[in-house]
>>> print(open('run.pdb').read())   # PDB, N, CA and C atoms
MODEL        1
ATOM      1  N   MET A   1     -17.121 -42.005  47.579  1.00  0.00           N
ATOM      2  CA  MET A   1     -15.777 -41.708  47.121  1.00  0.00           C
ATOM      3  C   MET A   1     -15.330 -42.722  46.066  1.00  0.00           C
ATOM      4  N   ARG A   2     -15.659 -43.990  46.265  1.00  0.00           N
ATOM      5  CA  ARG A   2     -15.295 -44.995  45.259  1.00  0.00           C
ATOM      6  C   ARG A   2     -15.993 -44.707  43.936  1.00  0.00           C
ATOM      7  N   GLU A   3     -17.238 -44.268  44.028  1.00  0.00           N
ATOM      8  CA  GLU A   3     -17.985 -43.955  42.807  1.00  0.00           C
ATOM      9  C   GLU A   3     -17.336 -42.792  42.064  1.00  0.00           C
ATOM     10  N   ALA A   4     -16.915 -41.793  42.795  1.00  0.00           N
ATOM     11  CA  ALA A   4     -16.243 -40.647  42.180  1.00  0.00           C
ATOM     12  C   ALA A   4     -14.947 -41.086  41.511  1.00  0.00           C
ATOM     13  N   LEU A   5     -14.211 -41.955  42.188  1.00  0.00           N
ATOM     14  CA  LEU A   5     -12.960 -42.464  41.622  1.00  0.00           C
ATOM     15  C   LEU A   5     -13.235 -43.279  40.358  1.00  0.00           C
ATOM     16  N   ALA A   6     -14.279 -44.095  40.387  1.00  0.00           N
ATOM     17  CA  ALA A   6     -14.631 -44.898  39.214  1.00  0.00           C
ATOM     18  C   ALA A   6     -15.039 -44.006  38.053  1.00  0.00           C
ATOM     19  N   ILE A   7     -15.818 -42.979  38.335  1.00  0.00           N
ATOM     20  CA  ILE A   7     -16.243 -42.048  37.280  1.00  0.00           C
ATOM     21  C   ILE A   7     -15.025 -41.341  36.693  1.00  0.00           C
ATOM     22  N   GLU A   8     -14.107 -40.933  37.559  1.00  0.00           N
ATOM     23  CA  GLU A   8     -12.904 -40.256  37.083  1.00  0.00           C
ATOM     24  C   GLU A   8     -12.070 -41.187  36.209  1.00  0.00           C
ATOM     25  N   ALA A   9     -11.947 -42.438  36.611  1.00  0.00           N
ATOM     26  CA  ALA A   9     -11.166 -43.403  35.834  1.00  0.00           C
ATOM     27  C   ALA A   9     -11.816 -43.650  34.484  1.00  0.00           C
ATOM     28  N   VAL A  10     -13.135 -43.775  34.455  1.00  0.00           N
ATOM     29  CA  VAL A  10     -13.843 -43.993  33.191  1.00  0.00           C
ATOM     30  C   VAL A  10     -13.690 -42.779  32.289  1.00  0.00           C
ATOM     31  N   THR A  11     -13.789 -41.590  32.871  1.00  0.00           N
ATOM     32  CA  THR A  11     -13.641 -40.363  32.085  1.00  0.00           C
ATOM     33  C   THR A  11     -12.249 -40.261  31.489  1.00  0.00           C
ATOM     34  N   ALA A  12     -11.236 -40.578  32.284  1.00  0.00           N
ATOM     35  CA  ALA A  12      -9.854 -40.534  31.790  1.00  0.00           C
ATOM     36  C   ALA A  12      -9.660 -41.555  30.673  1.00  0.00           C
ATOM     37  N   PHE A  13     -10.228 -42.739  30.838  1.00  0.00           N
ATOM     38  CA  PHE A  13     -10.108 -43.777  29.820  1.00  0.00           C
ATOM     39  C   PHE A  13     -10.803 -43.352  28.531  1.00  0.00           C
ATOM     40  N   LYS A  14     -11.992 -42.758  28.657  1.00  0.00           N
ATOM     41  CA  LYS A  14     -12.714 -42.277  27.475  1.00  0.00           C
ATOM     42  C   LYS A  14     -11.902 -41.199  26.758  1.00  0.00           C
ATOM     43  N   PHE A  15     -11.270 -40.315  27.530  1.00  0.00           N
ATOM     44  CA  PHE A  15     -10.447 -39.274  26.933  1.00  0.00           C
ATOM     45  C   PHE A  15      -9.286 -39.893  26.164  1.00  0.00           C
ATOM     46  N   GLN A  16      -8.638 -40.905  26.753  1.00  0.00           N
ATOM     47  CA  GLN A  16      -7.532 -41.574  26.071  1.00  0.00           C
ATOM     48  C   GLN A  16      -8.004 -42.228  24.776  1.00  0.00           C
ATOM     49  N   LEU A  17      -9.169 -42.866  24.811  1.00  0.00           N
ATOM     50  CA  LEU A  17      -9.690 -43.497  23.601  1.00  0.00           C
ATOM     51  C   LEU A  17     -10.029 -42.463  22.538  1.00  0.00           C
ATOM     52  N   GLU A  18     -10.589 -41.337  22.969  1.00  0.00           N
ATOM     53  CA  GLU A  18     -10.901 -40.271  22.008  1.00  0.00           C
ATOM     54  C   GLU A  18      -9.639 -39.743  21.357  1.00  0.00           C
ATOM     55  N   GLN A  19      -8.581 -39.562  22.150  1.00  0.00           N
ATOM     56  CA  GLN A  19      -7.317 -39.081  21.597  1.00  0.00           C
ATOM     57  C   GLN A  19      -6.716 -40.105  20.635  1.00  0.00           C
ATOM     58  N   LEU A  20      -6.804 -41.378  20.997  1.00  0.00           N
ATOM     59  CA  LEU A  20      -6.315 -42.432  20.117  1.00  0.00           C
ATOM     60  C   LEU A  20      -7.083 -42.437  18.805  1.00  0.00           C
ATOM     61  N   LEU A  21      -8.385 -42.272  18.889  1.00  0.00           N
ATOM     62  CA  LEU A  21      -9.217 -42.233  17.688  1.00  0.00           C
ATOM     63  C   LEU A  21      -8.851 -41.036  16.810  1.00  0.00           C
ATOM     64  N   LEU A  22      -8.648 -39.895  17.418  1.00  0.00           N
ATOM     65  CA  LEU A  22      -8.253 -38.707  16.650  1.00  0.00           C
ATOM     66  C   LEU A  22      -6.904 -38.923  15.964  1.00  0.00           C
ATOM     67  N   ASP A  23      -5.972 -39.533  16.673  1.00  0.00           N
ATOM     68  CA  ASP A  23      -4.660 -39.817  16.084  1.00  0.00           C
ATOM     69  C   ASP A  23      -4.782 -40.771  14.897  1.00  0.00           C
ATOM     70  N   GLU A  24      -5.586 -41.809  15.064  1.00  0.00           N
ATOM     71  CA  GLU A  24      -5.762 -42.786  13.988  1.00  0.00           C
ATOM     72  C   GLU A  24      -6.467 -42.157  12.788  1.00  0.00           C
ATOM     73  N   GLU A  25      -7.441 -41.297  13.050  1.00  0.00           N
ATOM     74  CA  GLU A  25      -8.124 -40.617  11.942  1.00  0.00           C
ATOM     75  C   GLU A  25      -7.168 -39.692  11.200  1.00  0.00           C
ATOM     76  N   ALA A  26      -6.272 -39.040  11.922  1.00  0.00           N
ATOM     77  CA  ALA A  26      -5.281 -38.163  11.293  1.00  0.00           C
ATOM     78  C   ALA A  26      -4.330 -38.980  10.422  1.00  0.00           C
ATOM     79  N   LYS A  27      -3.901 -40.137  10.922  1.00  0.00           N
ATOM     80  CA  LYS A  27      -3.026 -41.006  10.137  1.00  0.00           C
ATOM     81  C   LYS A  27      -3.739 -41.484   8.875  1.00  0.00           C
ATOM     82  N   LEU A  28      -4.991 -41.843   9.016  1.00  0.00           N
ATOM     83  CA  LEU A  28      -5.769 -42.310   7.866  1.00  0.00           C
ATOM     84  C   LEU A  28      -5.919 -41.204   6.823  1.00  0.00           C
ATOM     85  N   ALA A  29      -6.183 -39.995   7.272  1.00  0.00           N
ATOM     86  CA  ALA A  29      -6.302 -38.866   6.344  1.00  0.00           C
ATOM     87  C   ALA A  29      -4.977 -38.633   5.621  1.00  0.00           C
ATOM     88  N   HIS A  30      -3.873 -38.737   6.352  1.00  0.00           N
ATOM     89  CA  HIS A  30      -2.549 -38.546   5.752  1.00  0.00           C
ATOM     90  C   HIS A  30      -2.278 -39.626   4.703  1.00  0.00           C
ATOM     91  N   LEU A  31      -2.615 -40.869   5.018  1.00  0.00           N
ATOM     92  CA  LEU A  31      -2.432 -41.951   4.053  1.00  0.00           C
ATOM     93  C   LEU A  31      -3.319 -41.754   2.828  1.00  0.00           C
ATOM     94  N   GLY A  32      -4.517 -41.263   3.044  1.00  0.00           N
ATOM     95  CA  GLY A  32      -5.402 -40.971   1.915  1.00  0.00           C
ATOM     96  C   GLY A  32      -4.801 -39.912   1.005  1.00  0.00           C
ATOM     97  N   ASP A  33      -4.195 -38.885   1.602  1.00  0.00           N
ATOM     98  CA  ASP A  33      -3.537 -37.835   0.808  1.00  0.00           C
ATOM     99  C   ASP A  33      -2.365 -38.407   0.023  1.00  0.00           C
ATOM    100  N   GLU A  34      -1.582 -39.264   0.673  1.00  0.00           N
ATOM    101  CA  GLU A  34      -0.450 -39.881  -0.019  1.00  0.00           C
ATOM    102  C   GLU A  34      -0.932 -40.750  -1.173  1.00  0.00           C
ATOM    103  N   LEU A  35      -1.998 -41.488  -0.951  1.00  0.00           N
ATOM    104  CA  LEU A  35      -2.554 -42.331  -2.008  1.00  0.00           C
ATOM    105  C   LEU A  35      -3.038 -41.487  -3.178  1.00  0.00           C
ATOM    106  N   ASP A  36      -3.688 -40.371  -2.886  1.00  0.00           N
ATOM    107  CA  ASP A  36      -4.136 -39.466  -3.950  1.00  0.00           C
ATOM    108  C   ASP A  36      -2.949 -38.959  -4.768  1.00  0.00           C
ATOM    109  N   GLN A  37      -1.856 -38.622  -4.095  1.00  0.00           N
ATOM    110  CA  GLN A  37      -0.670 -38.133  -4.798  1.00  0.00           C
ATOM    111  C   GLN A  37      -0.072 -39.225  -5.678  1.00  0.00           C
ATOM    112  N   ILE A  38      -0.024 -40.439  -5.174  1.00  0.00           N
ATOM    113  CA  ILE A  38       0.517 -41.560  -5.958  1.00  0.00           C
ATOM    114  C   ILE A  38      -0.370 -41.826  -7.170  1.00  0.00           C
ATOM    115  N   GLU A  39      -1.678 -41.821  -6.961  1.00  0.00           N
ATOM    116  CA  GLU A  39      -2.592 -42.063  -8.083  1.00  0.00           C
ATOM    117  C   GLU A  39      -2.471 -40.961  -9.130  1.00  0.00           C
ATOM    118  N   SER A  40      -2.301 -39.731  -8.704  1.00  0.00           N
ATOM    119  CA  SER A  40      -2.125 -38.629  -9.659  1.00  0.00           C
ATOM    120  C   SER A  40      -0.843 -38.789 -10.453  1.00  0.00           C
ATOM    121  N   ALA A  41       0.215 -39.241  -9.782  1.00  0.00           N
ATOM    122  CA  ALA A  41       1.490 -39.410 -10.452  1.00  0.00           C
ATOM    123  C   ALA A  41       1.441 -40.545 -11.476  1.00  0.00           C
ATOM    124  N   LEU A  42       0.588 -41.522 -11.236  1.00  0.00           N
ATOM    125  CA  LEU A  42       0.502 -42.664 -12.143  1.00  0.00           C
ATOM    126  C   LEU A  42      -0.359 -42.390 -13.377  1.00  0.00           C
ATOM    127  N   GLN A  43      -1.099 -41.306 -13.341  1.00  0.00           N
ATOM    128  CA  GLN A  43      -1.989 -41.022 -14.488  1.00  0.00           C
ATOM    129  C   GLN A  43      -1.285 -40.244 -15.572  1.00  0.00           C
TER     130      GLN A  43
ENDMDL
END
>>> encode(input="run.pdb", output="C-alpha cells")
Amino acid sequence: MREALAIEAVTAFKFQLEQLLLDEEAKLAHLGDELDQIESALQ
C-alpha cells in the first residue's frame, strides 16, 4: 500500500511538472510572437 501511495504521489508530481512545463512553453511562445511583432515594427 505504501508503494502504491508513493507511485501515486510521484505520478501526480510528474503531472504537475508537465503542466508547469507546458505553461512555461506557452509563455515563451507568446513572448517570441511579441518580439517578432516588435522587430517587424522597427524595420
>>> atom_distance(input="run.pdb", atom1="atom CA of A:Gln16", atom2="atom CA of A:Leu35")
28.5 Å
>>> axis_aligned_box(input="run.pdb", around="stretch 11-23 of chain A", padding_each_side="4 Å", output="lines of an AutoDock Vina configuration file")
center_x = -9.2
center_y = -41.2
center_z = 23.9
size_x = 17.1
size_y = 13.1
size_z = 26.0
>>> atom_distance(input="run.pdb", atom1="atom N of A:Glu25", atom2="atom N of A:Ala6")
28.3 Å
>>> atom_distance(input="run.pdb", atom1="atom CA of A:Ala29", atom2="atom CA of A:Gln43")
21.4 Å
